[in-house]
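Here is the structure we will look at, set down as C-alpha cells.
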Amino acid sequence: MNLPTFDINKVNTPCYVTEECYLKHNGEILKSVQERTGCKILLAQKAFSMYSSYPLLQNYLAGTTASGVYEARLGYEHFGKETHVYSPAYTKKDMDELLKYAGHFVFNSIRQFVLHKDKMAGKECGIRVNPRFSTQEGHEIYDPCAKNSRLGQTLSSFEEDVEKYGLDGVSGIHFHTLCEQNSDDLYKTAMVVEEQFGKYLSKMKWINFGGGHHITREDYDIETLVRVIEHFKNKYNLQVYLEPGEAVALNAGFLVSEVIDIIDGKVNGERDIAIMDVSAACHMPDVLEMPYRPKILDSRNVLAGEEGEKAYIYRLGTPTCLAGDIIGDYSFDSPLKVGDRLVFCDMAIYSTVKNNTFNGMPLPTIYYNTDDELKVIRKFSYEDFKSRI
Ligand SMILES: *Cc1c(COP(=O)(O)O)cnc(C)c1O
C-alpha cells in the first residue's frame, strides 16, 4: 500500500499527483525482469502518458507502444527507443503519419497487413492473434476474447489468410487478452497460443504478450512470468515483448479531493452523502466503466472502510448532474466535514488519459512529485473546456 509522500494539504484540489519514487520502484521490477530474461518491456501509453516522467522511465523500459497516431508521436518525440503501434484498422492517412514514428507495426489480420504492405519496407510487422481463450470474468468491456471480438485474428481466420496471402513480410505475433492479471493466467493463455499458432512461431522473430500483466503488484508471481518468457525464447528463438500499461504506473499516483458539502441523509431516513470536488464520470471514469472501487485515504492516511466497517458511513457523491456519478459507499472512523481532504489511490493509470470536462467540470491540476520538489505540470482553465467543443 503506497501512501502519499507529499503534504496533501499543500496542493490545490482537485489534483492528480504522480510520485517519482513509486515509478522508480515499478521501473526497477520491470528492469530486472528484462535483465533476467532478455525480454523487452514497453510502456503502453494508453494507460499512462505523463511524458514529463518519460526521461525517468527511459532508464527502465525499452520503448513505448501506441494505440494510434497521437500516442505514437508522443512516444517517438518524448520517450524515444522503440516505438510500437497497434490498431484494429489503419487508415491510409494514419499510416502515412505513423511511418514517421513507429518501427514496429501490429496489424489486426494478415489482410490488414497486405493492404499496407507496400509501405512497410524496413519496418517490423506483426499480426495480432486472438486465441479466444478468456481468463477473466466480470468485465466483458475489457475482455478481447469475448464473442464477436474485433481484436485480433482467430486461428481459422489466420490460416485462411495464410493460404491466400502467405506470411511474407510478417515477423511477429502479438496477443493481448489479459487485464490486471497474474502470471498463472498468462501461462494458461500462452500455452493455448502455442497450441494454436505454434507451427508459425519458428518463422517469426518476435512475440508480443500484450499488456494486462500486473507485474508490479505485490502478489505477482514473477517466476512464472520468467518461465513463460524463457520457454518462447528458447524453444522458438524469439525476442519476447511485453507491453503493460498499468504495471508501469501501478499505485504511483493519487487524486486529491476535498469535501465540499455534506447532505444529512438521516432527515429522509437515508444515507449521509459527502459531495466531493471530483467526479467519477470525469476524473476516474473506470470507477463507473469497469466498475471498480478505489481505495481511499482519509486526511490522516487511514484507509476508508467498506460500507459497514467503520462508524461513519457516507456515499461519496460528485458535483455533476449525472445521478449515477457516485464514487461509492465508504465508512470512516470520524465524521467527515466540509474542507476535509480525501485521497483516491492508484490514480496515475487510466485517469489523466481518459478524463473529460462533462458538465463543464474543470480538469484536475497535474503534479509530479520528485525527491526535490512537488511540481505543477499542468493547470487547466476554462479555455481547455471551451477549446474542445
Ligand atoms: C490495453 C492494452 C495494453 C495495456 O494494458 P494494461 O492493462 O494497461 O497493462 C497493451 N496492449 C494492448 C494491445 C492493449 O490493448
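So you can find residues: chains in the C-alpha cells are A, B, ... in the order shown, residues in each start at 1, and ligands are numbered from 1 in order.
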Polymer residues at most 12 Å from His139 in chain A, only C-alpha atoms, same-chain spacing of 4 or more positions, as a ChimeraX atom specification:
/A:134-135,143-146,178-180,286,288-292
Mind writing the picked residues with N, CA and C atoms as a PDB file, in the first residue's frame?
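Ended up saving to again.pdb:
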```pdb
ATOM      1  N   SER A 134     -10.549 -17.010 -22.813  1.00  0.00           N
ATOM      2  CA  SER A 134     -10.808 -15.957 -21.844  1.00  0.00           C
ATOM      3  C   SER A 134     -10.417 -16.421 -20.443  1.00  0.00           C
ATOM      4  N   THR A 135      -9.608 -15.603 -19.771  1.00  0.00           N
ATOM      5  CA  THR A 135      -9.206 -15.959 -18.406  1.00  0.00           C
ATOM      6  C   THR A 135      -9.758 -14.956 -17.399  1.00  0.00           C
ATOM      7  N   ASP A 143     -12.445  -7.539 -22.082  1.00  0.00           N
ATOM      8  CA  ASP A 143     -12.063  -8.893 -22.478  1.00  0.00           C
ATOM      9  C   ASP A 143     -11.999  -9.038 -23.993  1.00  0.00           C
ATOM     10  N   PRO A 144     -10.800  -8.982 -24.558  1.00  0.00           N
ATOM     11  CA  PRO A 144     -10.658  -9.092 -26.014  1.00  0.00           C
ATOM     12  C   PRO A 144     -11.068 -10.467 -26.535  1.00  0.00           C
ATOM     13  N   CYS A 145     -11.233 -11.453 -25.642  1.00  0.00           N
ATOM     14  CA  CYS A 145     -11.601 -12.794 -26.103  1.00  0.00           C
ATOM     15  C   CYS A 145     -13.106 -13.027 -26.081  1.00  0.00           C
ATOM     16  N   ALA A 146     -13.864 -11.998 -25.764  1.00  0.00           N
ATOM     17  CA  ALA A 146     -15.317 -12.148 -25.747  1.00  0.00           C
ATOM     18  C   ALA A 146     -15.825 -12.468 -27.159  1.00  0.00           C
ATOM     19  N   LEU A 178      -5.190 -10.182 -21.511  1.00  0.00           N
ATOM     20  CA  LEU A 178      -5.269 -10.077 -20.050  1.00  0.00           C
ATOM     21  C   LEU A 178      -5.637  -8.665 -19.596  1.00  0.00           C
ATOM     22  N   CYS A 179      -6.076  -8.569 -18.370  1.00  0.00           N
ATOM     23  CA  CYS A 179      -6.399  -7.275 -17.782  1.00  0.00           C
ATOM     24  C   CYS A 179      -6.228  -7.383 -16.269  1.00  0.00           C
ATOM     25  N   GLU A 180      -5.218  -6.744 -15.743  1.00  0.00           N
ATOM     26  CA  GLU A 180      -4.943  -6.757 -14.298  1.00  0.00           C
ATOM     27  C   GLU A 180      -4.747  -8.177 -13.776  1.00  0.00           C
ATOM     28  N   ASP A 286     -13.008   4.894 -14.984  1.00  0.00           N
ATOM     29  CA  ASP A 286     -13.018   3.437 -14.787  1.00  0.00           C
ATOM     30  C   ASP A 286     -13.817   3.010 -13.553  1.00  0.00           C
ATOM     31  N   LEU A 288     -16.690   3.920 -12.918  1.00  0.00           N
ATOM     32  CA  LEU A 288     -18.028   3.603 -13.440  1.00  0.00           C
ATOM     33  C   LEU A 288     -17.978   2.557 -14.545  1.00  0.00           C
ATOM     34  N   GLU A 289     -16.939   2.587 -15.358  1.00  0.00           N
ATOM     35  CA  GLU A 289     -16.913   1.712 -16.539  1.00  0.00           C
ATOM     36  C   GLU A 289     -16.531   0.278 -16.215  1.00  0.00           C
ATOM     37  N   MET A 290     -15.608   0.142 -15.277  1.00  0.00           N
ATOM     38  CA  MET A 290     -15.038  -1.199 -15.081  1.00  0.00           C
ATOM     39  C   MET A 290     -16.053  -2.161 -14.467  1.00  0.00           C
ATOM     40  N   PRO A 291     -16.802  -1.848 -13.435  1.00  0.00           N
ATOM     41  CA  PRO A 291     -16.567  -0.769 -12.480  1.00  0.00           C
ATOM     42  C   PRO A 291     -15.615  -1.243 -11.407  1.00  0.00           C
ATOM     43  N   TYR A 292     -15.000  -0.312 -10.697  1.00  0.00           N
ATOM     44  CA  TYR A 292     -14.173  -0.736  -9.577  1.00  0.00           C
ATOM     45  C   TYR A 292     -14.241   0.281  -8.459  1.00  0.00           C
TER      46      TYR A 292
END
```
Which residues are close to Tyr314 in chain A, i.e. within 6 Å by only C-alpha atoms, leaving aside same-chain residues fewer than 6 positions away? Reply as an MDAnalysis selection string.
chainID A and resid 272:273 329:330
Restricting the output to all heavy atoms, write the selected residues as a PDB file, in the first residue's frame.
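File selection-v3.pdb, as written:
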```pdb
ATOM      1  N   ASP A 272     -26.002   9.364   4.634  1.00  0.00           N
ATOM      2  CA  ASP A 272     -25.338  10.665   4.504  1.00  0.00           C
ATOM      3  C   ASP A 272     -24.513  10.678   3.218  1.00  0.00           C
ATOM      4  O   ASP A 272     -23.915   9.664   2.846  1.00  0.00           O
ATOM      5  CB  ASP A 272     -24.391  10.920   5.682  1.00  0.00           C
ATOM      6  CG  ASP A 272     -25.161  11.151   6.977  1.00  0.00           C
ATOM      7  OD1 ASP A 272     -26.378  11.433   6.901  1.00  0.00           O
ATOM      8  OD2 ASP A 272     -24.550  11.038   8.058  1.00  0.00           O
ATOM      9  N   ILE A 273     -24.483  11.835   2.592  1.00  0.00           N
ATOM     10  CA  ILE A 273     -23.727  11.946   1.339  1.00  0.00           C
ATOM     11  C   ILE A 273     -22.680  13.046   1.472  1.00  0.00           C
ATOM     12  O   ILE A 273     -22.999  14.153   1.906  1.00  0.00           O
ATOM     13  CB  ILE A 273     -24.658  12.274   0.149  1.00  0.00           C
ATOM     14  CG1 ILE A 273     -25.699  11.162  -0.014  1.00  0.00           C
ATOM     15  CG2 ILE A 273     -23.851  12.450  -1.141  1.00  0.00           C
ATOM     16  CD1 ILE A 273     -26.780  11.470  -1.027  1.00  0.00           C
ATOM     17  N   ASP A 329     -19.830   3.828  -1.602  1.00  0.00           N
ATOM     18  CA  ASP A 329     -20.178   3.978  -0.190  1.00  0.00           C
ATOM     19  C   ASP A 329     -18.996   3.528   0.654  1.00  0.00           C
ATOM     20  O   ASP A 329     -18.499   2.408   0.493  1.00  0.00           O
ATOM     21  CB  ASP A 329     -21.409   3.129   0.142  1.00  0.00           C
ATOM     22  CG  ASP A 329     -22.654   3.650  -0.563  1.00  0.00           C
ATOM     23  OD1 ASP A 329     -22.698   4.848  -0.894  1.00  0.00           O
ATOM     24  OD2 ASP A 329     -23.586   2.856  -0.784  1.00  0.00           O
ATOM     25  N   TYR A 330     -18.564   4.375   1.535  1.00  0.00           N
ATOM     26  CA  TYR A 330     -17.359   4.127   2.348  1.00  0.00           C
ATOM     27  C   TYR A 330     -17.660   4.453   3.799  1.00  0.00           C
ATOM     28  O   TYR A 330     -18.582   5.213   4.105  1.00  0.00           O
ATOM     29  CB  TYR A 330     -16.205   5.022   1.867  1.00  0.00           C
ATOM     30  CG  TYR A 330     -15.659   4.645   0.507  1.00  0.00           C
ATOM     31  CD1 TYR A 330     -16.277   5.103  -0.666  1.00  0.00           C
ATOM     32  CD2 TYR A 330     -14.531   3.842   0.373  1.00  0.00           C
ATOM     33  CE1 TYR A 330     -15.778   4.763  -1.919  1.00  0.00           C
ATOM     34  CE2 TYR A 330     -14.027   3.497  -0.882  1.00  0.00           C
ATOM     35  CZ  TYR A 330     -14.653   3.962  -2.025  1.00  0.00           C
ATOM     36  OH  TYR A 330     -14.156   3.618  -3.256  1.00  0.00           O
TER      37      TYR A 330
END
```
Looking at only C-alpha atoms and all ligand atoms, which of A:Val353, A:Leu316, A:Val192, A:Val226 is the one that sits closest to ligand 1?
A:Val353
Kindly compile the residues surrounding ligand 1 within 7 Å, counting only C-alpha atoms and all ligand atoms, and format them as number ranges by chain.
A: 44, 46-47, 86, 176, 178-180, 210-214, 243-247
Selected residues, C-alpha atoms, written as a short mmCIF file (atom, residue, chain, number, x, y, z; two decimals), in the first residue's frame, please.
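The resulting file, selection_28.cif, is reproduced below:
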```cif
data_model
loop_
_atom_site.label_atom_id
_atom_site.label_comp_id
_atom_site.auth_asym_id
_atom_site.auth_seq_id
_atom_site.Cartn_x
_atom_site.Cartn_y
_atom_site.Cartn_z
CA ALA A 44 1.52 1.04 -23.15
CA LYS A 46 -2.93 4.38 -23.27
CA ALA A 47 -2.77 3.75 -19.51
CA TYR A 86 -1.33 -1.49 -32.88
CA HIS A 176 -3.31 -9.30 -25.75
CA LEU A 178 -5.27 -10.08 -20.05
CA CYS A 179 -6.40 -7.27 -17.78
CA GLU A 180 -4.94 -6.76 -14.30
CA GLY A 210 0.46 -7.64 -24.85
CA GLY A 211 -0.47 -5.94 -21.60
CA GLY A 212 -2.61 -6.66 -18.59
CA HIS A 213 0.28 -8.19 -16.63
CA HIS A 214 0.16 -6.78 -13.10
CA GLU A 243 3.62 -4.03 -23.16
CA PRO A 244 1.96 -3.38 -19.82
CA GLY A 245 0.40 -0.02 -19.10
CA GLU A 246 -0.91 -0.37 -15.59
CA ALA A 247 2.13 -2.17 -14.21
#
```
Give me, as JSON lines, each residue of range 14-33 of chain A that comes within 12 Å of range 257-267 of chain A, together with its shortest interatomic pair and the distance in Å at one decimal, counting only C-alpha atoms, with rows ordered by chain and rising residue number.
```
{"residue": "A:Pro14", "atom": "CA", "partner": "A:Ser257", "partner_atom": "CA", "distance": 4.8}
{"residue": "A:Cys15", "atom": "CA", "partner": "A:Ser257", "partner_atom": "CA", "distance": 7.0}
{"residue": "A:Tyr16", "atom": "CA", "partner": "A:Ser257", "partner_atom": "CA", "distance": 9.1}
{"residue": "A:Val17", "atom": "CA", "partner": "A:Ser257", "partner_atom": "CA", "distance": 11.1}
```
Give me a file of those residues, with C-alpha atoms, as a PDB file, in the first residue's frame.
```
ATOM      1  CA  PRO A  14      -8.750  18.567  -7.186  1.00  0.00           C
ATOM      2  CA  CYS A  15      -5.404  17.326  -8.441  1.00  0.00           C
ATOM      3  CA  TYR A  16      -3.599  14.250  -9.625  1.00  0.00           C
ATOM      4  CA  VAL A  17      -0.173  13.738  -8.099  1.00  0.00           C
TER       5      VAL A  17
END
```
Could you please determine the separation between CA of Leu155 in chain A and CA of Ala89 in chain A in Å, to one decimal place?
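These atoms are spaced 18.7 Å apart.
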Compile the contact shell of Phe380 in chain A as JSON, numbers by chain: residues with an atom at most 9 Å away, counting only C-alpha atoms, same-chain residues fewer than 2 positions apart removed.
{"A": [362, 363, 364, 365, 366, 378, 382, 383, 384, 385]}
Rank nothing, just name the residue among A:Asp277, A:Ile29, A:Cys21, A:Lys40 nearest to Leu56 in chain A, using only C-alpha atoms.
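The shortest atom-to-atom distance to Leu56 in chain A comes from A:Cys21.
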Based on DSSP run over this structure's backbone, return all residues of range 142-364 of chain A in helix (DSSP H, G or I), as a ChimeraX atom specification.
/A:142,155-165,183-201,222-236,246-249,265-268,280-283,286-289,358-360
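Atom pair CA of Tyr60 in chain A / CA of Asp371 in chain A has a distance of 18.1 Å (rounded to one decimal).
From CA of Lys205 in chain A back to CA of Ser156 in chain A, the distance works out to 22.1 Å.
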Per-residue nearest contacts of range 182-244 of chain A to range 1-13 of chain A (12 Å; only C-alpha atoms) as a tab-separated table:
```
residue	atom	partner	partner_atom	distance
A:Arg217	CA	A:Met1	CA	9.9
A:Glu218	CA	A:Met1	CA	9.0
A:Asp219	CA	A:Met1	CA	11.9
```
Take the residues just selected and output them with N, CA, C and O atoms as a compact mmCIF listing (two decimals), in the first residue's frame.
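Produced file selection-v5.txt, reproduced below:
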```
# COMPACT_ATOMS: atom_id res chain seq x y z
N ARG A 217 2.51 -5.60 -9.01
CA ARG A 217 1.62 -5.79 -7.86
C ARG A 217 2.31 -6.72 -6.86
O ARG A 217 3.03 -7.64 -7.27
N GLU A 218 2.06 -6.49 -5.59
CA GLU A 218 2.79 -7.22 -4.55
C GLU A 218 2.70 -8.74 -4.69
O GLU A 218 3.67 -9.45 -4.46
N ASP A 219 1.52 -9.24 -5.06
CA ASP A 219 1.36 -10.70 -5.09
C ASP A 219 1.65 -11.30 -6.47
O ASP A 219 1.31 -12.46 -6.73
```
All strand (DSSP E) positions in range 77-272 of chain A, as a ChimeraX atom specification:
/A:82-86,104-107,124-128,172-174,206-208,239-242,253-263,272
Do you know which residues are at most 10 Å from Tyr165 in chain A counting only C-alpha atoms, after dropping those on the same chain fewer than 6 positions away, and could you put them as a PyMOL selection string?
chain A and resi 110-111+113-114+159
Can you spit out the residues from that selection as an mmCIF file, in the first residue's frame, using C-alpha atoms?
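To be explicit, this is the file written out as selection.cif:
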```
data_model
loop_
_atom_site.group_PDB
_atom_site.id
_atom_site.type_symbol
_atom_site.label_atom_id
_atom_site.label_comp_id
_atom_site.auth_asym_id
_atom_site.auth_seq_id
_atom_site.Cartn_x
_atom_site.Cartn_y
_atom_site.Cartn_z
ATOM 1 C CA ILE A 110 -2.863 -10.594 -42.426
ATOM 2 C CA ARG A 111 -5.357 -8.923 -44.757
ATOM 3 C CA PHE A 113 -1.102 -6.047 -43.300
ATOM 4 C CA VAL A 114 -1.375 -6.772 -47.013
ATOM 5 C CA GLU A 159 -4.994 -19.891 -41.601
#
```
With distances taken over only C-alpha atoms, which of A:Thr320, A:Ser331, A:Ser149, A:Gln45 is nearest to Leu303 in chain A?
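Under the stated criterion, the closest residue is A:Ser331.
Considering only C-alpha atoms, the residue among A:Met50, A:Ile141, A:Ala66, A:Cys39 positioned nearest to Ile377 in chain A is A:Met50.
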